[in-house]
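Below is the file structure22.tsv, which contains TSV, C-alpha atoms.
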```tsv
chain	number	residue	atom	x	y	z
Q	1	MET	CA	41.24	63.82	43.02
Q	2	PRO	CA	41.51	63.89	39.26
Q	3	SER	CA	42.99	66.92	37.63
Q	4	ALA	CA	40.95	69.34	35.54
Q	5	GLY	CA	39.96	67.90	32.20
Q	6	GLU	CA	40.64	64.33	33.30
Q	7	SER	CA	37.73	62.04	32.57
Q	8	VAL	CA	36.06	60.26	35.40
Q	9	SER	CA	35.03	56.65	34.96
Q	10	THR	CA	31.92	55.95	36.96
Q	11	PRO	CA	29.75	52.81	37.10
Q	12	GLU	CA	26.99	54.85	35.45
Q	13	ALA	CA	29.30	55.92	32.63
Q	14	GLU	CA	30.56	52.37	32.15
Q	15	ASN	CA	27.04	51.01	32.11
Q	16	LYS	CA	25.96	53.67	29.65
Q	17	SER	CA	28.85	52.84	27.32
Q	18	TYR	CA	28.13	49.10	27.59
Q	19	SER	CA	24.44	49.65	27.05
Q	20	SER	CA	25.10	51.67	23.89
Q	21	ASP	CA	27.35	48.95	22.45
Q	22	THR	CA	24.82	46.29	23.31
Q	23	THR	CA	22.01	48.25	21.69
Q	24	GLN	CA	23.98	48.56	18.46
Q	25	TYR	CA	24.67	44.82	18.52
Q	26	ASP	CA	21.04	43.99	19.19
Q	27	VAL	CA	19.79	46.20	16.35
Q	28	GLN	CA	22.11	44.47	13.88
Q	29	ALA	CA	21.08	41.08	15.19
Q	30	ILE	CA	17.44	42.01	14.77
Q	31	ARG	CA	18.09	43.21	11.21
Q	32	ASN	CA	19.84	39.96	10.38
Q	33	HIS	CA	17.00	37.98	11.91
Q	34	LEU	CA	14.35	39.93	10.01
Q	35	ASP	CA	16.23	39.35	6.76
Q	36	ALA	CA	15.91	35.62	7.43
Q	37	TYR	CA	12.10	35.76	7.77
Q	38	LYS	CA	10.31	33.44	5.36
Q	39	PRO	CA	7.18	34.01	3.26
Q	40	VAL	CA	4.87	31.04	3.92
Q	41	ILE	CA	1.34	29.82	3.38
Q	42	THR	CA	-0.38	27.80	6.11
Q	43	VAL	CA	-3.73	25.99	6.10
Q	44	VAL	CA	-5.84	27.56	8.87
Q	45	SER	CA	-9.18	25.95	8.07
Q	46	GLY	CA	-10.10	22.60	6.51
Q	47	GLN	CA	-8.85	19.03	6.74
Q	48	GLN	CA	-5.13	19.88	6.67
Q	49	VAL	CA	-4.90	22.57	9.34
Q	50	GLY	CA	-1.26	23.35	10.09
Q	51	LYS	CA	0.12	22.28	6.72
Q	52	THR	CA	2.75	24.89	5.84
Q	53	LEU	CA	4.80	25.61	2.74
Q	54	ILE	CA	7.75	27.99	2.53
Q	55	LEU	CA	7.47	30.00	-0.70
Q	56	GLU	CA	10.92	29.56	-2.18
Q	57	SER	CA	10.14	29.67	-5.92
Q	58	SER	CA	9.10	32.61	-8.05
Q	59	THR	CA	5.75	30.85	-8.61
Q	60	THR	CA	3.86	28.40	-6.39
Q	61	VAL	CA	0.92	26.36	-7.68
Q	62	ILE	CA	-1.78	25.31	-5.21
Q	63	GLY	CA	-4.26	22.52	-5.99
Q	64	ARG	CA	-5.30	18.88	-5.78
Q	65	ASP	CA	-2.83	17.64	-8.38
Q	66	PHE	CA	0.15	15.73	-7.02
Q	67	ALA	CA	2.37	17.94	-9.16
Q	68	ALA	CA	1.11	21.04	-7.33
Q	69	ASP	CA	3.63	22.76	-5.07
Q	70	MET	CA	1.07	22.75	-2.26
Q	71	LEU	CA	-1.19	19.71	-2.47
Q	72	LEU	CA	-4.60	20.17	-0.85
Q	73	ILE	CA	-7.13	17.35	-0.57
Q	74	ASP	CA	-10.33	19.40	-0.29
Q	75	GLY	CA	-12.79	17.95	-2.83
Q	76	GLY	CA	-13.87	21.47	-3.84
Q	77	ILE	CA	-10.37	22.48	-4.91
Q	78	SER	CA	-9.35	22.18	-8.57
Q	79	ARG	CA	-6.26	20.26	-9.58
Q	80	HIS	CA	-4.55	23.54	-10.43
Q	81	HIS	CA	-6.54	26.04	-8.41
Q	82	ALA	CA	-4.36	29.10	-7.75
Q	83	GLU	CA	-0.84	30.46	-8.18
Q	84	ILE	CA	1.25	32.75	-5.99
Q	85	GLU	CA	3.87	34.78	-7.88
Q	86	PHE	CA	6.77	36.93	-6.66
Q	87	GLN	CA	7.03	39.77	-9.16
Q	88	SER	CA	10.20	41.66	-10.08
Q	89	GLY	CA	9.18	44.82	-8.21
Q	90	GLY	CA	8.83	42.90	-4.96
Q	91	ALA	CA	5.05	42.51	-5.02
Q	92	VAL	CA	3.48	39.14	-4.16
Q	93	VAL	CA	0.38	38.29	-6.18
Q	94	ILE	CA	-2.18	35.49	-5.99
Q	95	ARG	CA	-3.94	34.47	-9.21
Q	96	ASP	CA	-6.93	32.22	-9.88
Q	97	LEU	CA	-6.02	29.51	-12.42
Q	98	ASN	CA	-9.56	29.20	-13.83
Q	99	SER	CA	-10.62	27.11	-10.85
Q	100	THR	CA	-14.14	25.72	-10.48
Q	101	ASN	CA	-14.95	27.37	-7.16
Q	102	GLY	CA	-12.81	30.49	-7.37
Q	103	VAL	CA	-10.38	32.25	-5.05
Q	104	ARG	CA	-11.50	34.55	-2.25
Q	105	LEU	CA	-9.04	36.94	-0.68
Q	106	ASN	CA	-10.22	38.12	2.74
Q	107	GLY	CA	-13.76	37.18	1.70
Q	108	LYS	CA	-13.73	38.86	-1.71
Q	109	LEU	CA	-13.78	36.87	-4.95
Q	110	ILE	CA	-10.74	37.81	-7.06
Q	111	ALA	CA	-9.05	36.95	-10.36
Q	112	ASP	CA	-5.68	38.21	-9.13
Q	113	ALA	CA	-4.62	40.51	-6.30
Q	114	PRO	CA	-1.55	41.55	-4.29
Q	115	LEU	CA	-0.88	39.77	-1.00
Q	116	GLU	CA	0.12	41.20	2.34
Q	117	SER	CA	1.19	39.31	5.45
Q	118	GLY	CA	-1.89	38.13	7.32
Q	119	ASP	CA	-4.14	37.82	4.25
Q	120	LYS	CA	-6.51	34.85	4.24
Q	121	ILE	CA	-7.23	32.99	1.00
Q	122	GLN	CA	-10.23	30.69	0.65
Q	123	LEU	CA	-9.93	27.89	-1.89
Q	124	GLY	CA	-13.03	25.74	-2.27
Q	125	PRO	CA	-15.78	25.40	0.34
Q	126	GLU	CA	-13.63	24.26	3.28
Q	127	THR	CA	-10.00	25.22	2.95
Q	128	VAL	CA	-8.55	28.58	3.98
Q	129	ILE	CA	-4.84	29.34	3.84
Q	130	GLU	CA	-3.02	32.31	5.32
Q	131	TYR	CA	-0.09	34.16	3.77
Q	132	ARG	CA	2.48	35.39	6.27
Q	133	VAL	CA	6.12	36.42	6.56
Q	134	GLU	CA	7.40	34.59	9.62
Q	135	ASP	CA	10.30	33.68	11.84
Q	136	PRO	CA	12.04	30.66	10.24
Q	137	ASP	CA	12.33	28.85	13.57
Q	138	GLU	CA	8.59	29.07	14.14
Q	139	VAL	CA	7.93	27.90	10.59
Q	140	ALA	CA	10.24	24.90	10.97
Q	141	ALA	CA	8.56	23.91	14.25
Q	142	ARG	CA	5.08	24.11	12.68
Q	143	ILE	CA	6.12	22.04	9.65
Q	144	GLN	CA	7.60	19.39	11.92
Q	145	GLN	CA	4.49	19.31	14.10
Q	146	TYR	CA	2.21	18.91	11.09
Q	147	GLU	CA	4.30	16.13	9.59
Q	148	ARG	CA	4.21	14.24	12.88
Q	149	SER	CA	0.41	14.51	12.90
Q	150	ILE	CA	-0.03	12.77	9.52
Q	151	GLN	CA	2.81	10.24	9.59
Q	152	ASP	CA	3.28	6.87	11.21
Q	153	ASP	CA	6.02	7.19	13.81
Q	154	LEU	CA	7.86	3.99	12.92
Q	155	THR	CA	7.73	3.85	9.12
Q	156	GLY	CA	7.38	7.53	8.20
Q	157	ILE	CA	4.52	6.87	5.74
Q	158	TYR	CA	1.02	8.27	6.19
Q	159	ASN	CA	-1.04	7.16	9.17
Q	160	ARG	CA	-4.57	5.75	9.19
Q	161	ARG	CA	-6.27	9.03	10.11
Q	162	TYR	CA	-4.74	10.96	7.24
Q	163	PHE	CA	-5.39	8.16	4.75
Q	164	THR	CA	-9.06	8.07	5.80
Q	165	VAL	CA	-9.45	11.82	5.28
Q	166	THR	CA	-7.77	11.58	1.86
Q	167	LEU	CA	-9.95	8.65	0.77
Q	168	GLU	CA	-13.09	10.57	1.77
Q	169	HIS	CA	-12.11	13.37	-0.59
Q	170	GLU	CA	-11.11	10.89	-3.30
Q	171	LEU	CA	-14.61	9.41	-3.19
Q	172	SER	CA	-16.06	12.92	-3.49
Q	173	TYR	CA	-13.85	13.66	-6.49
Q	174	MET	CA	-14.81	10.38	-8.16
Q	175	ARG	CA	-18.51	11.20	-7.78
Q	176	ARG	CA	-18.01	14.50	-9.61
Q	177	ARG	CA	-15.56	13.39	-12.27
Q	178	GLY	CA	-16.25	9.68	-12.77
Q	179	ALA	CA	-12.60	8.76	-12.21
Q	180	GLU	CA	-11.52	5.25	-11.25
Q	181	SER	CA	-9.28	4.18	-8.39
Q	182	SER	CA	-8.47	0.98	-6.55
Q	183	LEU	CA	-7.52	-0.07	-3.03
Q	184	VAL	CA	-4.92	-2.63	-1.97
Q	185	LEU	CA	-4.85	-3.87	1.61
Q	186	LEU	CA	-1.94	-6.07	2.64
Q	187	ASP	CA	-1.14	-7.93	5.84
Q	188	ILE	CA	2.21	-9.50	6.77
Q	189	ASP	CA	1.80	-13.26	7.17
Q	190	HIS	CA	2.52	-14.72	10.61
Q	191	PHE	CA	3.86	-11.42	11.90
Q	192	LYS	CA	3.22	-12.37	15.52
Q	193	ARG	CA	5.61	-15.28	15.03
Q	194	VAL	CA	8.30	-12.84	13.87
Q	195	ASN	CA	7.92	-10.80	17.06
Q	196	ASP	CA	7.80	-13.89	19.28
Q	197	GLU	CA	10.80	-15.67	17.77
Q	198	TYR	CA	13.05	-12.76	16.80
Q	199	GLY	CA	11.89	-9.91	19.03
Q	200	HIS	CA	10.10	-6.63	18.43
Q	201	ARG	CA	13.22	-4.97	17.06
Q	202	SER	CA	13.24	-7.49	14.22
Q	203	GLY	CA	9.51	-6.94	13.79
Q	204	ASP	CA	10.14	-3.22	13.37
Q	205	LYS	CA	12.80	-3.94	10.76
Q	206	VAL	CA	10.31	-6.06	8.83
Q	207	LEU	CA	7.74	-3.24	8.89
Q	208	LYS	CA	10.34	-0.79	7.58
Q	209	LEU	CA	11.41	-3.28	4.90
Q	210	ILE	CA	7.80	-3.65	3.77
Q	211	THR	CA	7.50	0.13	3.60
Q	212	GLN	CA	10.63	0.52	1.47
Q	213	THR	CA	9.58	-2.27	-0.88
Q	214	VAL	CA	6.03	-1.06	-1.46
Q	215	THR	CA	7.17	2.54	-1.94
Q	216	SER	CA	9.46	1.43	-4.78
Q	217	TYR	CA	6.52	-0.11	-6.68
Q	218	ILE	CA	3.95	2.70	-6.54
Q	219	ARG	CA	3.69	6.06	-8.28
Q	220	GLU	CA	4.01	9.53	-6.83
Q	221	LYS	CA	0.26	10.14	-7.20
Q	222	ASP	CA	-0.64	6.97	-5.30
Q	223	MET	CA	-1.02	6.99	-1.52
Q	224	PHE	CA	0.51	4.52	0.91
Q	225	ALA	CA	-0.29	4.32	4.62
Q	226	ARG	CA	0.05	2.08	7.63
Q	227	TRP	CA	-3.49	0.99	8.40
Q	228	GLY	CA	-2.60	-0.52	11.76
Q	229	GLY	CA	-0.25	-3.12	13.25
Q	230	GLU	CA	1.08	-5.17	10.34
Q	231	GLU	CA	-1.55	-3.96	7.85
Q	232	PHE	CA	-0.82	-1.45	5.09
Q	233	VAL	CA	-3.14	0.18	2.56
Q	234	ILE	CA	-2.51	1.65	-0.89
Q	235	LEU	CA	-4.75	3.96	-2.91
Q	236	LEU	CA	-3.96	3.51	-6.61
Q	237	ARG	CA	-5.41	6.53	-8.39
Q	238	GLY	CA	-6.76	6.11	-11.91
Q	239	MET	CA	-6.28	2.34	-11.83
Q	240	SER	CA	-8.79	-0.45	-12.45
Q	241	THR	CA	-8.90	-3.89	-10.80
Q	242	ASN	CA	-6.59	-5.52	-13.36
Q	243	GLY	CA	-3.92	-2.88	-12.96
Q	244	ALA	CA	-4.15	-2.94	-9.18
Q	245	VAL	CA	-3.90	-6.74	-9.07
Q	246	ALA	CA	-0.78	-6.56	-11.25
Q	247	VAL	CA	0.83	-4.02	-8.89
Q	248	ALA	CA	-0.08	-6.10	-5.84
Q	249	GLU	CA	1.31	-9.24	-7.45
Q	250	ARG	CA	4.64	-7.58	-8.22
Q	251	ILE	CA	4.92	-6.40	-4.62
Q	252	ARG	CA	3.94	-9.83	-3.29
Q	253	ALA	CA	6.56	-11.60	-5.43
Q	254	ARG	CA	9.27	-9.15	-4.38
Q	255	LEU	CA	8.50	-9.56	-0.69
Q	256	ALA	CA	8.54	-13.36	-0.98
Q	257	ASN	CA	12.09	-13.19	-2.36
Q	258	LEU	CA	13.47	-10.94	0.38
Q	259	ARG	CA	15.76	-12.36	3.04
Q	260	LEU	CA	16.55	-10.66	6.34
Q	261	LYS	CA	19.50	-11.98	8.35
Q	262	ARG	CA	18.94	-12.02	12.09
Q	263	GLY	CA	21.96	-13.45	13.90
Q	264	GLU	CA	22.50	-16.95	12.55
Q	265	SER	CA	18.98	-17.14	11.14
Q	266	ILE	CA	17.52	-16.01	7.82
Q	267	LEU	CA	14.08	-14.46	8.10
Q	268	THR	CA	11.68	-14.68	5.15
Q	269	VAL	CA	8.65	-12.45	4.73
Q	270	THR	CA	5.41	-12.98	2.85
Q	271	ALA	CA	2.19	-11.00	2.75
Q	272	SER	CA	-1.43	-11.51	1.76
Q	273	PHE	CA	-3.26	-8.95	-0.40
Q	274	GLY	CA	-6.84	-7.89	-0.95
Q	275	VAL	CA	-7.69	-5.70	-3.96
Q	276	THR	CA	-10.89	-3.89	-4.87
Q	277	GLU	CA	-11.76	-1.30	-7.45
Q	278	ILE	CA	-13.79	1.49	-5.91
Q	279	ASP	CA	-17.37	1.33	-7.19
Q	280	LEU	CA	-19.53	4.25	-6.09
Q	281	ASP	CA	-22.67	2.12	-6.40
Q	282	ARG	CA	-21.27	-0.15	-3.67
Q	283	HIS	CA	-18.87	2.16	-1.86
Q	284	ASP	CA	-20.68	5.26	-0.66
Q	285	CYS	CA	-18.19	5.88	2.14
Q	286	VAL	CA	-14.69	4.97	3.35
Q	287	GLU	CA	-16.04	2.25	5.64
Q	288	SER	CA	-17.82	0.35	2.86
Q	289	ALA	CA	-14.80	0.47	0.55
Q	290	MET	CA	-12.42	-0.67	3.29
Q	291	HIS	CA	-14.85	-3.39	4.39
Q	292	GLU	CA	-14.85	-4.92	0.91
Q	293	VAL	CA	-11.07	-4.85	0.44
Q	294	ASP	CA	-10.67	-6.26	3.95
Q	295	GLY	CA	-12.90	-9.18	2.95
Q	296	HIS	CA	-10.66	-9.91	-0.05
Q	297	LEU	CA	-7.60	-9.81	2.21
Q	298	TYR	CA	-9.04	-12.39	4.56
Q	299	SER	CA	-10.01	-14.57	1.61
Q	300	ALA	CA	-6.33	-14.51	0.63
Q	301	LYS	CA	-5.39	-15.65	4.13
Q	302	ASP	CA	-8.05	-18.37	4.14
Q	303	GLN	CA	-6.73	-19.66	0.81
Q	304	GLY	CA	-3.24	-20.21	2.20
Q	305	ARG	CA	-1.67	-16.72	2.47
Q	306	ASN	CA	1.05	-15.20	0.24
Q	307	ARG	CA	-1.42	-14.45	-2.52
Q	308	VAL	CA	-3.56	-11.70	-4.07
Q	309	VAL	CA	-7.36	-11.88	-4.07
Q	310	SER	CA	-9.76	-9.44	-5.73
```

Would you write the structure of this file as structure tokens?
Amino acid sequence: MPSAGESVSTPEAENKSYSSDTTQYDVQAIRNHLDAYKPVITVVSGQQVGKTLILESSTTVIGRDFAADMLLIDGGISRHHAEIEFQSGGAVVIRDLNSTNGVRLNGKLIADAPLESGDKIQLGPETVIEYRVEDPDEVAARIQQYERSIQDDLTGIYNRRYFTVTLEHELSYMRRRGAESSLVLLDIDHFKRVNDEYGHRSGDKVLKLITQTVTSYIREKDMFARWGGEEFVILLRGMSTNGAVAVAERIRARLANLRLKRGESILTVTASFGVTEIDLDRHDCVESAMHEVDGHLYSAKDQGRNRVVS
């Protein structure tokens, strides 16, 4: 028996002490985790559902311009549509940048207004984004999932579906603004022979080499995608036929000079190119524009390959 005044250690007392320590630890862990939460905007309606941007700068510009911090392809969105600002007092404010179609916050048209987590912001007729403060792990997972949905698995450039959506909105923008743009469609010559003679691993290396080469010859505002198999497509914004042909010719010449060593063999690569300037009188949809540039590509192949036809 313990003497008077001697403490008694019981399982209940031990558990209580352990539970108290654990609770203190958990509270601190929760505080640390909450401090790591990120302010983000995510597209919740429109063509780019799931696209997410972590707001890391004091100001974030949203719009159709390629220089915008969050690029949205909705044809009803202005090039510089809205701005989100973190103010010195801790407030977060969204501001309309004199856009054509305005900014609606939770359904109400605004010039500028403070944001709270969960607010929905409509930009243009289709696109709605949501402002939230979220768990960084969840944000990272959503960004990764969205990127996988718009990228080609092998090359990492845009896939056909995303390119098609973007071109649809480009056509809409051209109708309103009278801008010019051109398409380049290229196909690797005798690609089946590469796979048959050197194996699919070598074929994959060729596709990646094509991707790296083309990327080095186009501008940030242009768009490059894998159209399918060994075909690639480029949207050259603000460029006429002559300019697009010149770009395609530089890429063609560079590819023809590349050499890829495979074992004891040296693999050469050439490609055929079709070029067309988008003409809204002839191209009322993506299919008609792609049909014309595809015809030019096959003319290049019929004329002997390793050439550009417009």

At a cut-off of 10 Å from (1.4, -8.9, -5.9) in the coordinates of the file, what residues are picked up using only C-alpha atoms, written as a ChimeraX atom specification?
/Q:184,186,244-256,271-275,306-309

All residues 7 Å or closer to Pro114 (chain Q), only C-alpha atoms, same chain fewer than 3 positions away omitted, as an NGL selection string:
:Q and (91-94)

Can you build me a table of region 279-298 of chain Q residues sitting at most 12 Å from region 208-232 of chain Q, with the closest atom pair per residue and its distance in Å to one decimal, using all atoms listed in the file, sorted by chain and residue number, as CSV?
```
residue,atom,partner,partner_atom,distance
Q:Met290,CA,Q:Trp227,CA,10.4
Q:Val293,CA,Q:Phe232,CA,11.8
Q:Asp294,CA,Q:Glu231,CA,10.2
Q:Leu297,CA,Q:Glu231,CA,10.1
Q:Tyr298,CA,Q:Glu231,CA,11.7
```

Who sits within 12 Å of Glu147 (chain Q), all atoms listed in the file, same chain under 3 positions skipped, as a PyMOL selection string:
chain Q and resi 48-53+140-144+150-153+156-159+162

Write the selection just made, keeping C-alpha atoms, as an mmCIF file, in the frame of the given file?
```cif
data_model
loop_
_atom_site.group_PDB
_atom_site.id
_atom_site.type_symbol
_atom_site.label_atom_id
_atom_site.label_comp_id
_atom_site.auth_asym_id
_atom_site.auth_seq_id
_atom_site.Cartn_x
_atom_site.Cartn_y
_atom_site.Cartn_z
ATOM 1 C CA GLN Q 48 -5.130 19.880 6.670
ATOM 2 C CA VAL Q 49 -4.900 22.570 9.340
ATOM 3 C CA GLY Q 50 -1.260 23.350 10.090
ATOM 4 C CA LYS Q 51 0.120 22.280 6.720
ATOM 5 C CA THR Q 52 2.750 24.890 5.840
ATOM 6 C CA LEU Q 53 4.800 25.610 2.740
ATOM 7 C CA ALA Q 140 10.240 24.900 10.970
ATOM 8 C CA ALA Q 141 8.560 23.910 14.250
ATOM 9 C CA ARG Q 142 5.080 24.110 12.680
ATOM 10 C CA ILE Q 143 6.120 22.040 9.650
ATOM 11 C CA GLN Q 144 7.600 19.390 11.920
ATOM 12 C CA ILE Q 150 -0.030 12.770 9.520
ATOM 13 C CA GLN Q 151 2.810 10.240 9.590
ATOM 14 C CA ASP Q 152 3.280 6.870 11.210
ATOM 15 C CA ASP Q 153 6.020 7.190 13.810
ATOM 16 C CA GLY Q 156 7.380 7.530 8.200
ATOM 17 C CA ILE Q 157 4.520 6.870 5.740
ATOM 18 C CA TYR Q 158 1.020 8.270 6.190
ATOM 19 C CA ASN Q 159 -1.040 7.160 9.170
ATOM 20 C CA TYR Q 162 -4.740 10.960 7.240
#
```

Residue nearest Ala113 (chain Q) among Q:Glu292, Q:Asp189, Q:Glu56, Q:Glu85 (counting all atoms listed in the file)
Q:Glu85

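One distance worth recording is that between CA of Ser265 (chain Q) and CA of Ile188 (chain Q), which is 18.9 Å.
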
Compile the contact shell of Leu72 (chain Q) as a PyMOL selection string: residues with an atom at most 9 Å away, counting only C-alpha atoms, same-chain residues fewer than 5 positions apart removed.
chain Q and resi 47-48+62-66+77+79+127

As AutoDock Vina command-line options: centre and edge lengths in Å, one decimal, of the axis-aligned box holding region 104-111 of chain Q with 8 Å per side:
```
--center_x -11.4 --center_y 36.7 --center_z -3.8 --size_x 20.7 --size_y 20.3 --size_z 29.1
```

Which residue gives the smallest distance to Ser149 (chain Q) among Q:Arg161, Q:Lys38, Q:His296, Q:Arg237, with only C-alpha atoms counted?
Q:Arg161

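Atom to atom, CA of Glu264 (chain Q) and CA of Lys192 (chain Q) stand 20.0 Å apart.
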
Skipping near chain neighbours, those fewer than 4 positions away, what residues fall within 10 Å of Phe191 (chain Q) using all atoms listed in the file, listed as a PyMOL selection string?
chain Q and resi 187+195-196+203+206-207+229-230+269-271

Create the file for the chosen residues now, containing C-alpha atoms and written as a compact mmCIF listing (two decimals), keeping the file's coordinate frame.
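As a result, part.txt now contains:
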```txt
# COMPACT_ATOMS: atom_id res chain seq x y z
CA ASP Q 187 -1.14 -7.93 5.84
CA ASN Q 195 7.92 -10.80 17.06
CA ASP Q 196 7.80 -13.89 19.28
CA GLY Q 203 9.51 -6.94 13.79
CA VAL Q 206 10.31 -6.06 8.83
CA LEU Q 207 7.74 -3.24 8.89
CA GLY Q 229 -0.25 -3.12 13.25
CA GLU Q 230 1.08 -5.17 10.34
CA VAL Q 269 8.65 -12.45 4.73
CA THR Q 270 5.41 -12.98 2.85
CA ALA Q 271 2.19 -11.00 2.75
```

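The environment of Arg259 (chain Q) within 8 Å, counting only C-alpha atoms and disregarding residues fewer than 2 places along the same chain, consists of Asn257, Lys261, Ile266, Leu267, Thr268 and Val269 of chain Q.
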
Limited to C-alpha atoms, could you put the picked residues into a file as a PDB file, in the frame of the given file?
```
ATOM      1  CA  ASN Q 257      12.090 -13.190  -2.360  1.00  0.00           C
ATOM      2  CA  LYS Q 261      19.500 -11.980   8.350  1.00  0.00           C
ATOM      3  CA  ILE Q 266      17.520 -16.010   7.820  1.00  0.00           C
ATOM      4  CA  LEU Q 267      14.080 -14.460   8.100  1.00  0.00           C
ATOM      5  CA  THR Q 268      11.680 -14.680   5.150  1.00  0.00           C
ATOM      6  CA  VAL Q 269       8.650 -12.450   4.730  1.00  0.00           C
TER       7      VAL Q 269
END
```

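CA of Ser99 (chain Q) sits 25.2 Å away from CA of Leu235 (chain Q).
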